[in-house]
file final_8.cif (mmCIF, C-alpha atoms)
data_start
loop_
_atom_site.label_atom_id
_atom_site.label_comp_id
_atom_site.auth_asym_id
_atom_site.auth_seq_id
_atom_site.Cartn_x
_atom_site.Cartn_y
_atom_site.Cartn_z
CA MET A 120 1.01 17.74 11.17
CA LEU A 121 2.00 15.20 8.55
CA VAL A 122 -0.26 14.24 5.64
CA LEU A 123 0.27 10.90 3.88
CA LEU A 124 -0.91 10.62 0.26
CA PRO A 125 -0.97 7.68 -2.15
CA PRO A 126 0.83 8.01 -5.48
CA SER A 127 -0.81 7.75 -8.89
CA GLU A 128 -0.28 5.19 -11.61
CA THR A 129 -0.19 8.00 -14.18
CA LYS A 130 2.73 10.40 -14.20
CA ARG A 131 3.93 13.45 -16.09
CA ALA A 132 6.93 12.76 -18.36
CA GLY A 133 10.17 14.70 -18.48
CA GLY A 134 11.59 17.05 -15.89
CA ALA A 135 14.37 19.59 -15.49
CA GLY A 136 15.96 18.39 -12.26
CA ALA A 137 19.17 16.44 -11.74
CA PRO A 138 18.93 12.62 -11.85
CA TRP A 139 17.54 10.75 -8.87
CA ASP A 140 19.64 10.57 -5.72
CA ALA A 141 18.42 8.75 -2.62
CA ALA A 142 20.23 11.28 -0.43
CA ARG A 143 17.97 14.08 -1.63
CA LEU A 144 14.73 12.52 -0.38
CA ARG A 145 12.89 12.95 2.93
CA LEU A 146 13.25 10.16 5.48
CA PRO A 147 16.90 9.46 4.51
CA GLN A 148 16.95 6.38 6.76
CA LEU A 149 15.03 4.62 3.97
CA ALA A 150 17.97 4.94 1.54
CA PRO A 151 18.94 1.22 1.69
CA GLN A 152 15.38 0.10 0.89
CA ARG A 153 15.12 2.66 -1.91
CA GLU A 154 18.40 1.59 -3.47
CA ALA A 155 17.37 -2.07 -3.35
CA VAL A 156 14.05 -1.48 -5.14
CA VAL A 157 15.60 0.78 -7.77
CA ALA A 158 18.35 -1.77 -8.44
CA ALA A 159 15.80 -4.59 -8.83
CA LEU A 160 13.58 -2.48 -11.08
CA VAL A 161 16.43 -1.42 -13.36
CA GLU A 162 17.71 -5.01 -13.55
CA LEU A 163 14.25 -6.31 -14.43
CA SER A 164 14.06 -3.76 -17.24
CA ARG A 165 16.89 -5.50 -19.08
CA ASP A 166 14.32 -8.06 -20.25
CA GLU A 167 11.31 -6.31 -21.79
CA ASP A 168 9.12 -9.41 -21.89
CA ALA A 169 9.81 -10.31 -18.27
CA ALA A 170 9.28 -6.71 -17.14
CA ALA A 171 6.00 -6.43 -19.02
CA LYS A 172 4.78 -9.60 -17.31
CA VAL A 173 5.83 -8.58 -13.80
CA LEU A 174 4.43 -5.07 -14.15
CA LYS A 175 1.28 -6.30 -15.94
CA LEU A 176 1.81 -3.99 -18.91
CA SER A 177 -0.38 -4.05 -21.98
CA PRO A 178 1.29 -3.93 -25.43
CA ARG A 179 0.63 -0.19 -25.54
CA GLN A 180 2.34 0.28 -22.18
CA ARG A 181 5.60 -1.47 -23.00
CA GLY A 182 7.36 1.87 -23.33
CA GLU A 183 7.23 1.99 -19.51
CA VAL A 184 9.99 -0.63 -19.44
CA ALA A 185 12.41 1.84 -21.04
CA VAL A 186 11.31 4.48 -18.51
CA ASN A 187 12.32 2.16 -15.68
CA ALA A 188 15.56 1.19 -17.41
CA SER A 189 16.69 4.84 -17.39
CA LEU A 190 15.44 5.57 -13.88
CA ARG A 191 18.89 6.41 -12.52
CA SER A 192 19.76 8.87 -15.29
CA SER A 193 16.45 10.47 -16.28
CA PRO A 194 15.53 14.01 -15.20
CA THR A 195 13.45 14.66 -12.10
CA MET A 196 10.68 17.01 -11.00
CA PRO A 197 8.95 17.60 -7.66
CA ALA A 198 6.92 14.53 -6.69
CA VAL A 199 3.68 16.49 -6.38
CA ASP A 200 4.12 17.68 -9.98
CA ARG A 201 5.21 14.27 -11.28
CA TYR A 202 1.94 12.53 -10.40
CA THR A 203 -1.21 13.12 -12.41
CA GLY A 204 -4.68 11.58 -12.14
CA VAL A 205 -7.81 12.50 -10.21
CA LEU A 206 -6.28 13.26 -6.79
CA PHE A 207 -3.34 15.28 -8.11
CA ASP A 208 -5.46 17.10 -10.70
CA ALA A 209 -7.76 18.21 -7.85
CA LEU A 210 -4.78 19.23 -5.74
CA ASP A 211 -3.39 21.15 -8.76
CA ALA A 212 -0.14 21.96 -6.97
CA SER A 213 1.32 23.88 -9.93
CA SER A 214 -1.31 26.60 -9.48
CA LEU A 215 -0.58 27.14 -5.77
CA ASP A 216 1.48 30.09 -4.62
CA ALA A 217 4.98 29.73 -3.17
CA ARG A 218 3.79 29.65 0.47
CA ALA A 219 1.25 26.90 -0.23
CA ARG A 220 3.81 24.84 -2.11
CA ARG A 221 6.28 25.29 0.73
CA TRP A 222 3.59 23.98 3.12
CA LEU A 223 3.21 20.91 0.91
CA GLY A 224 6.96 20.34 1.01
CA GLU A 225 7.03 20.56 4.80
CA HIS A 226 3.87 18.62 5.64
CA VAL A 227 3.01 16.15 2.84
CA LEU A 228 4.56 12.77 2.09
CA ILE A 229 3.59 10.83 -1.05
CA HIS A 230 4.03 7.10 -0.59
CA SER A 231 5.56 5.58 -3.72
CA ALA A 232 6.30 1.91 -4.35
CA PRO A 233 9.99 2.26 -5.37
CA PHE A 234 11.00 5.12 -3.05
CA GLY A 235 8.69 4.75 -0.05
CA PRO A 236 7.23 7.97 1.38
CA VAL A 237 8.85 11.04 -0.18
CA GLY A 238 8.34 14.74 0.40
CA ALA A 239 5.89 16.49 -1.90
CA LEU A 240 8.72 18.63 -3.33
CA ASP A 241 11.33 15.85 -3.43
CA PRO A 242 12.79 15.32 -6.94
CA LEU A 243 11.50 12.13 -8.55
CA PRO A 244 12.11 10.54 -11.96
CA ALA A 245 9.31 8.96 -13.96
CA TYR A 246 8.79 5.26 -13.20
CA ARG A 247 6.28 2.41 -13.36
CA LEU A 248 5.75 0.24 -10.27
CA GLY A 249 2.65 -0.41 -8.20
CA ALA A 250 2.25 -1.52 -4.60
CA GLY A 251 1.21 -5.04 -5.61
CA ALA A 252 4.18 -5.88 -7.84
CA SER A 253 6.76 -8.52 -6.86
CA LEU A 254 10.23 -7.83 -8.24
CA PRO A 255 12.61 -10.75 -8.91
CA GLY A 256 15.34 -11.03 -6.30
CA LEU A 257 13.48 -8.83 -3.82
CA ALA A 258 11.06 -9.67 -1.02
CA PRO A 259 7.44 -8.72 -1.71
CA LEU A 260 7.13 -4.95 -1.38
CA ARG A 261 4.96 -5.21 1.72
CA ARG A 262 7.64 -7.18 3.54
CA HIS A 263 10.44 -5.05 2.07
CA TRP A 264 8.96 -1.73 3.15
CA ALA A 265 6.54 -2.10 6.08
CA GLU A 266 8.82 -2.27 9.11
CA ALA A 267 11.29 0.33 7.80
CA VAL A 268 8.56 2.80 6.79
CA THR A 269 6.69 2.45 10.08
CA SER A 270 9.91 3.10 11.96
CA ALA A 271 10.74 6.13 9.79
CA LEU A 272 7.27 7.60 10.29
CA GLY A 273 7.70 7.18 14.01
CA GLU A 274 10.93 9.18 13.82
CA ALA A 275 9.37 11.97 11.76
CA ASP A 276 8.41 13.90 14.91
CA ALA A 277 4.89 14.70 13.73
CA HIS A 278 2.34 15.62 16.39
CA PHE A 279 -0.51 14.32 14.24
CA VAL A 280 -0.61 12.16 11.08
CA LEU A 281 -3.50 12.40 8.63
CA ASP A 282 -3.47 9.21 6.56
CA LEU A 283 -5.10 9.64 3.14
CA ARG A 284 -3.41 6.64 1.53
CA SER A 285 -5.18 3.75 -0.13
CA GLU A 286 -5.13 0.51 1.85
CA ALA A 287 -2.55 -0.99 -0.52
CA TYR A 288 -0.06 1.71 0.46
CA VAL A 289 -0.96 1.64 4.14
CA ALA A 290 0.19 -1.99 4.00
CA LEU A 291 3.61 -0.80 2.79
CA GLY A 292 4.11 1.12 6.05
CA PRO A 293 1.39 1.50 8.69
CA VAL A 294 1.50 4.53 10.95
CA PRO A 295 3.15 3.32 14.19
CA GLN A 296 0.97 2.42 17.13
CA GLY A 297 0.87 5.14 19.73
CA CYS A 298 1.24 7.89 17.13
CA ALA A 299 -1.65 10.40 17.08
CA SER A 300 -3.18 9.74 13.69
CA ALA A 301 -6.41 9.35 11.74
CA TYR A 302 -7.17 7.32 8.63
CA VAL A 303 -9.64 9.08 6.33
CA ARG A 304 -12.22 7.18 4.30
CA VAL A 305 -14.31 9.09 1.74
CA VAL A 306 -17.95 8.03 1.64
CA THR A 307 -21.33 9.08 0.36
CA THR A 308 -24.81 8.47 1.70
CA GLY A 309 -27.28 7.09 -0.84
CA GLU A 310 -30.98 7.82 -1.07
CA ASP A 311 -31.55 4.59 0.85
CA GLY A 312 -29.45 5.88 3.73
CA GLU A 313 -26.62 3.42 3.10
CA VAL A 314 -23.08 4.75 3.53
CA ARG A 315 -20.83 3.68 0.67
CA ALA A 316 -17.12 4.12 -0.01
CA LEU A 317 -16.16 5.89 -3.22
CA ASN A 318 -13.42 5.51 -5.82
CA HIS A 319 -13.19 8.39 -8.32
CA PHE A 320 -14.74 10.96 -5.96
CA ASN A 321 -12.64 9.56 -3.12
CA LYS A 322 -9.50 10.70 -4.91
CA HIS A 323 -10.97 14.05 -5.92
CA ALA A 324 -12.10 14.79 -2.36
CA LYS A 325 -8.64 14.01 -0.97
CA GLY A 326 -7.03 16.32 -3.52
CA ASP A 327 -9.46 19.10 -2.60
CA LEU A 328 -8.77 18.58 1.09
CA VAL A 329 -4.99 18.80 0.76
CA ARG A 330 -5.22 21.83 -1.53
CA ARG A 331 -7.29 23.66 1.07
CA LEU A 332 -4.87 22.66 3.83
CA ALA A 333 -1.99 24.09 1.79
CA GLN A 334 -3.90 27.32 1.22
CA ASP A 335 -5.02 27.73 4.84
CA ARG A 336 -1.85 26.37 6.44
CA PRO A 337 -3.55 25.68 9.80
CA ARG A 338 -1.61 24.66 12.89
CA ILE A 339 -2.96 21.17 13.57
CA ALA A 340 -1.45 18.99 16.28
CA SER A 341 -4.33 16.69 17.13
CA ARG A 342 -7.36 14.87 15.76
CA GLY A 343 -9.67 17.36 17.46
CA ALA A 344 -7.85 20.32 15.93
CA PHE A 345 -8.18 18.76 12.49
CA LEU A 346 -11.91 18.18 12.98
CA ARG A 347 -12.37 21.80 14.05
CA TRP A 348 -10.47 23.08 11.02
CA ALA A 349 -12.41 20.76 8.68
CA LYS A 350 -15.73 22.04 10.05
CA ALA A 351 -14.68 25.65 9.60
CA ALA A 352 -13.48 24.87 6.07
CA ARG A 353 -16.85 23.22 5.29
CA PHE A 354 -15.58 19.68 4.87
CA ALA A 355 -18.03 17.08 6.20
CA VAL A 356 -15.58 15.08 8.34
CA ALA A 357 -16.71 13.08 11.36
CA ASP A 358 -15.53 10.29 13.64
CA ALA A 359 -16.50 6.76 12.62
CA GLU A 360 -17.16 3.92 15.06
CA ASN A 361 -14.03 2.03 13.96
CA GLY A 362 -11.73 4.94 14.79
CA GLU A 363 -11.43 6.21 11.23
CA LEU A 364 -12.56 9.60 10.04
CA ARG A 365 -15.27 9.76 7.40
CA LEU A 366 -15.22 12.49 4.79
CA THR A 367 -18.70 12.59 3.24
CA VAL A 368 -19.18 14.00 -0.26
#
call {"tool": "encode", "arguments": {"input": "final_8.cif", "output": "structure tokens"}}
result
Amino acid sequence: MLVLLPPSETKRAGGAGAPWDAARLRLPQLAPQREAVVAALVELSRDEDAAAKVLKLSPRQRGEVAVNASLRSSPTMPAVDRYTGVLFDALDASSLDARARRWLGEHVLIHSAPFGPVGALDPLPAYRLGAGASLPGLAPLRRHWAEAVTSALGEADAHFVLDLRSEAYVALGPVPQGCASAYVRVVTTGEDGEVRALNHFNKHAKGDLVRRLAQDRPRIASRGAFLRWAKAARFAVADAENGELRLTV
């Protein structure tokens, strides 16, 4: 089983790991794409005004330009610890025991804009770049990443892929056709009976789900097996008419 997570705009500063090295990340076949984005991001950071415009930074966020400028030399930490925000706060990976964290490292990929999908325990530096940014001298990120990421996911030898990414990151590398997979959408049912997608609680529910997977460490090799585990774990997950899975909260 392979679980795909989106990243978070907010990140923890610092780290104690050695500087970033493309060779130390999962899916090493993506090294050329990673190097190209990092090079473009570092080059853009030479001009603070231009970088702030491209990255849509407010005056208070301009310090992020310096973070990107030092991307190649700054310390790293495991990706799952680098990201903060609702999903990663709910996942709370730092409080998991060694076996659960090892499961995250083996089964979870976090899809970042500059590095593509990386392993949950892969060492990442702090950075600022979202899926919708267009870096000078580089093709739009969707065109830069999509084909290479889809190919890499197809080579990952996963029996079943659980896709918890936001649609913006799915566009940066769809799961290949023919791969056993399921896209999860978090919804709620209102008093009027209408089913609605969620934002804040969407992220929290995904973090809860992945935390429980890491704690239970089930052997899941199919959509049906995931649905059976989810039912036993008291997650309200069901098939939707469009082929997605709906997680109701």
call {"tool": "residues_near_point", "arguments": {"input": "final_8.cif", "point": "(0.0, 2.4, -14.0)", "cutoff": "12 Å", "atoms": "all atoms listed in the file", "output": "PyMOL selection string"}}
result
chain A and resi 126-131+171+174-177+179-184+202-204+232+245-252
call {"tool": "write_last_selection", "arguments": {"input": "final_8.cif", "atoms": "C-alpha atoms", "output": "JSON list (two decimals), in the frame of the given file"}}
result
[["chain", "number", "residue", "atom", "x", "y", "z"],
["A", 126, "PRO", "CA", 0.83, 8.01, -5.48],
["A", 127, "SER", "CA", -0.81, 7.75, -8.89],
["A", 128, "GLU", "CA", -0.28, 5.19, -11.61],
["A", 129, "THR", "CA", -0.19, 8.00, -14.18],
["A", 130, "LYS", "CA", 2.73, 10.40, -14.20],
["A", 131, "ARG", "CA", 3.93, 13.45, -16.09],
["A", 171, "ALA", "CA", 6.00, -6.43, -19.02],
["A", 174, "LEU", "CA", 4.43, -5.07, -14.15],
["A", 175, "LYS", "CA", 1.28, -6.30, -15.94],
["A", 176, "LEU", "CA", 1.81, -3.99, -18.91],
["A", 177, "SER", "CA", -0.38, -4.05, -21.98],
["A", 179, "ARG", "CA", 0.63, -0.19, -25.54],
["A", 180, "GLN", "CA", 2.34, 0.28, -22.18],
["A", 181, "ARG", "CA", 5.60, -1.47, -23.00],
["A", 182, "GLY", "CA", 7.36, 1.87, -23.33],
["A", 183, "GLU", "CA", 7.23, 1.99, -19.51],
["A", 184, "VAL", "CA", 9.99, -0.63, -19.44],
["A", 202, "TYR", "CA", 1.94, 12.53, -10.40],
["A", 203, "THR", "CA", -1.21, 13.12, -12.41],
["A", 204, "GLY", "CA", -4.68, 11.58, -12.14],
["A", 232, "ALA", "CA", 6.30, 1.91, -4.35],
["A", 245, "ALA", "CA", 9.31, 8.96, -13.96],
["A", 246, "TYR", "CA", 8.79, 5.26, -13.20],
["A", 247, "ARG", "CA", 6.28, 2.41, -13.36],
["A", 248, "LEU", "CA", 5.75, 0.24, -10.27],
["A", 249, "GLY", "CA", 2.65, -0.41, -8.20],
["A", 250, "ALA", "CA", 2.25, -1.52, -4.60],
["A", 251, "GLY", "CA", 1.21, -5.04, -5.61],
["A", 252, "ALA", "CA", 4.18, -5.88, -7.84]]
call {"tool": "resolve_selection", "arguments": {"input": "final_8.cif", "expression": "the PyMOL selection byres ((chain A and resi 133) around 10)", "output": "count of residues only"}}
result
13
call {"tool": "atom_distance", "arguments": {"input": "final_8.cif", "atom1": "CA of Val289 in chain A", "atom2": "CA of Ala198 in chain A"}}
result
18.6 Å
call {"tool": "closest_residue", "arguments": {"input": "final_8.cif", "among": "A:Pro125, A:Ala219, A:Leu146, A:Thr367", "to": "Leu291 in chain A", "atoms": "only C-alpha atoms"}}
result
A:Pro125
call {"tool": "residues_around", "arguments": {"input": "final_8.cif", "residues": "Asp358 in chain A", "least_positions_apart": "4", "cutoff": "10 Å", "atoms": "only C-alpha atoms", "output": "ChimeraX atom specification"}}
result
/A:301,303,342-343,346,362-366
call {"tool": "closest_residue", "arguments": {"input": "final_8.cif", "among": "A:Leu254, A:Cys298, A:Leu260, A:Ile229", "to": "Glu274 in chain A", "atoms": "only C-alpha atoms"}}
result
A:Cys298
call {"tool": "resolve_selection", "arguments": {"input": "final_8.cif", "expression": "the PyMOL selection byres ((chain A and resi 331) around 12)", "output": "list in words"}}
result
Ala209, Leu210, Asp211, Ala212, Leu215, Ala219, Arg220, Trp222, Leu223, Ala324, Lys325, Gly326, Asp327, Leu328, Val329, Arg330, Leu332, Ala333, Gln334, Asp335, Arg336, Pro337, Trp348, Ala349, Ala351, Ala352, Arg353 and Phe354 of chain A
call {"tool": "residues_around", "arguments": {"input": "final_8.cif", "residues": "Ala265 in chain A", "least_positions_apart": "5", "cutoff": "10 Å", "atoms": "all atoms listed in the file", "output": "list in words"}}
result
Gly235, Leu260, Ser270, Ala271, Tyr288, Val289, Ala290, Leu291, Gly292, Pro293 and Val294 of chain A
call {"tool": "closest_residue", "arguments": {"input": "final_8.cif", "among": "A:Glu162, A:Asp208, A:Asp282, A:Glu266", "to": "His226 in chain A", "atoms": "all atoms listed in the file"}}
result
A:Asp282
call {"tool": "atom_distance", "arguments": {"input": "final_8.cif", "atom1": "CA of Ala357 in chain A", "atom2": "CA of His278 in chain A"}}
result
19.9 Å
call {"tool": "residues_around", "arguments": {"input": "final_8.cif", "residues": "Leu121 in chain A", "least_positions_apart": "5", "cutoff": "8 Å", "atoms": "only C-alpha atoms", "output": "ChimeraX atom specification"}}
result
/A:226-228,277-281
call {"tool": "atom_distance", "arguments": {"input": "final_8.cif", "atom1": "CA of Ala275 in chain A", "atom2": "CA of Ala355 in chain A"}}
result
28.4 Å
call {"tool": "closest_residue", "arguments": {"input": "final_8.cif", "among": "A:Met120, A:Gly273, A:Asp140, A:Asn321", "to": "Ser341 in chain A", "atoms": "all atoms listed in the file"}}
result
A:Met120
call {"tool": "resolve_selection", "arguments": {"input": "final_8.cif", "expression": "the PyMOL selection byres ((chain A and resi 147) around 12)", "output": "list in words"}}
result
Asp140, Ala141, Ala142, Arg143, Leu144, Arg145, Leu146, Gln148, Leu149, Ala150, Pro151, Gln152, Arg153, Glu154, Phe234, Gly235, Pro236, Val237, Gly238, Asp241, Ala267, Val268, Ala271, Leu272, Glu274 and Ala275 of chain A
call {"tool": "write_last_selection", "arguments": {"input": "final_8.cif", "atoms": "C-alpha atoms", "output": "compact mmCIF listing (two decimals), in the coordinates of the input"}}
result
# COMPACT_ATOMS: atom_id res chain seq x y z
CA ASP A 140 19.64 10.57 -5.72
CA ALA A 141 18.42 8.75 -2.62
CA ALA A 142 20.23 11.28 -0.43
CA ARG A 143 17.97 14.08 -1.63
CA LEU A 144 14.73 12.52 -0.38
CA ARG A 145 12.89 12.95 2.93
CA LEU A 146 13.25 10.16 5.48
CA GLN A 148 16.95 6.38 6.76
CA LEU A 149 15.03 4.62 3.97
CA ALA A 150 17.97 4.94 1.54
CA PRO A 151 18.94 1.22 1.69
CA GLN A 152 15.38 0.10 0.89
CA ARG A 153 15.12 2.66 -1.91
CA GLU A 154 18.40 1.59 -3.47
CA PHE A 234 11.00 5.12 -3.05
CA GLY A 235 8.69 4.75 -0.05
CA PRO A 236 7.23 7.97 1.38
CA VAL A 237 8.85 11.04 -0.18
CA GLY A 238 8.34 14.74 0.40
CA ASP A 241 11.33 15.85 -3.43
CA ALA A 267 11.29 0.33 7.80
CA VAL A 268 8.56 2.80 6.79
CA ALA A 271 10.74 6.13 9.79
CA LEU A 272 7.27 7.60 10.29
CA GLU A 274 10.93 9.18 13.82
CA ALA A 275 9.37 11.97 11.76
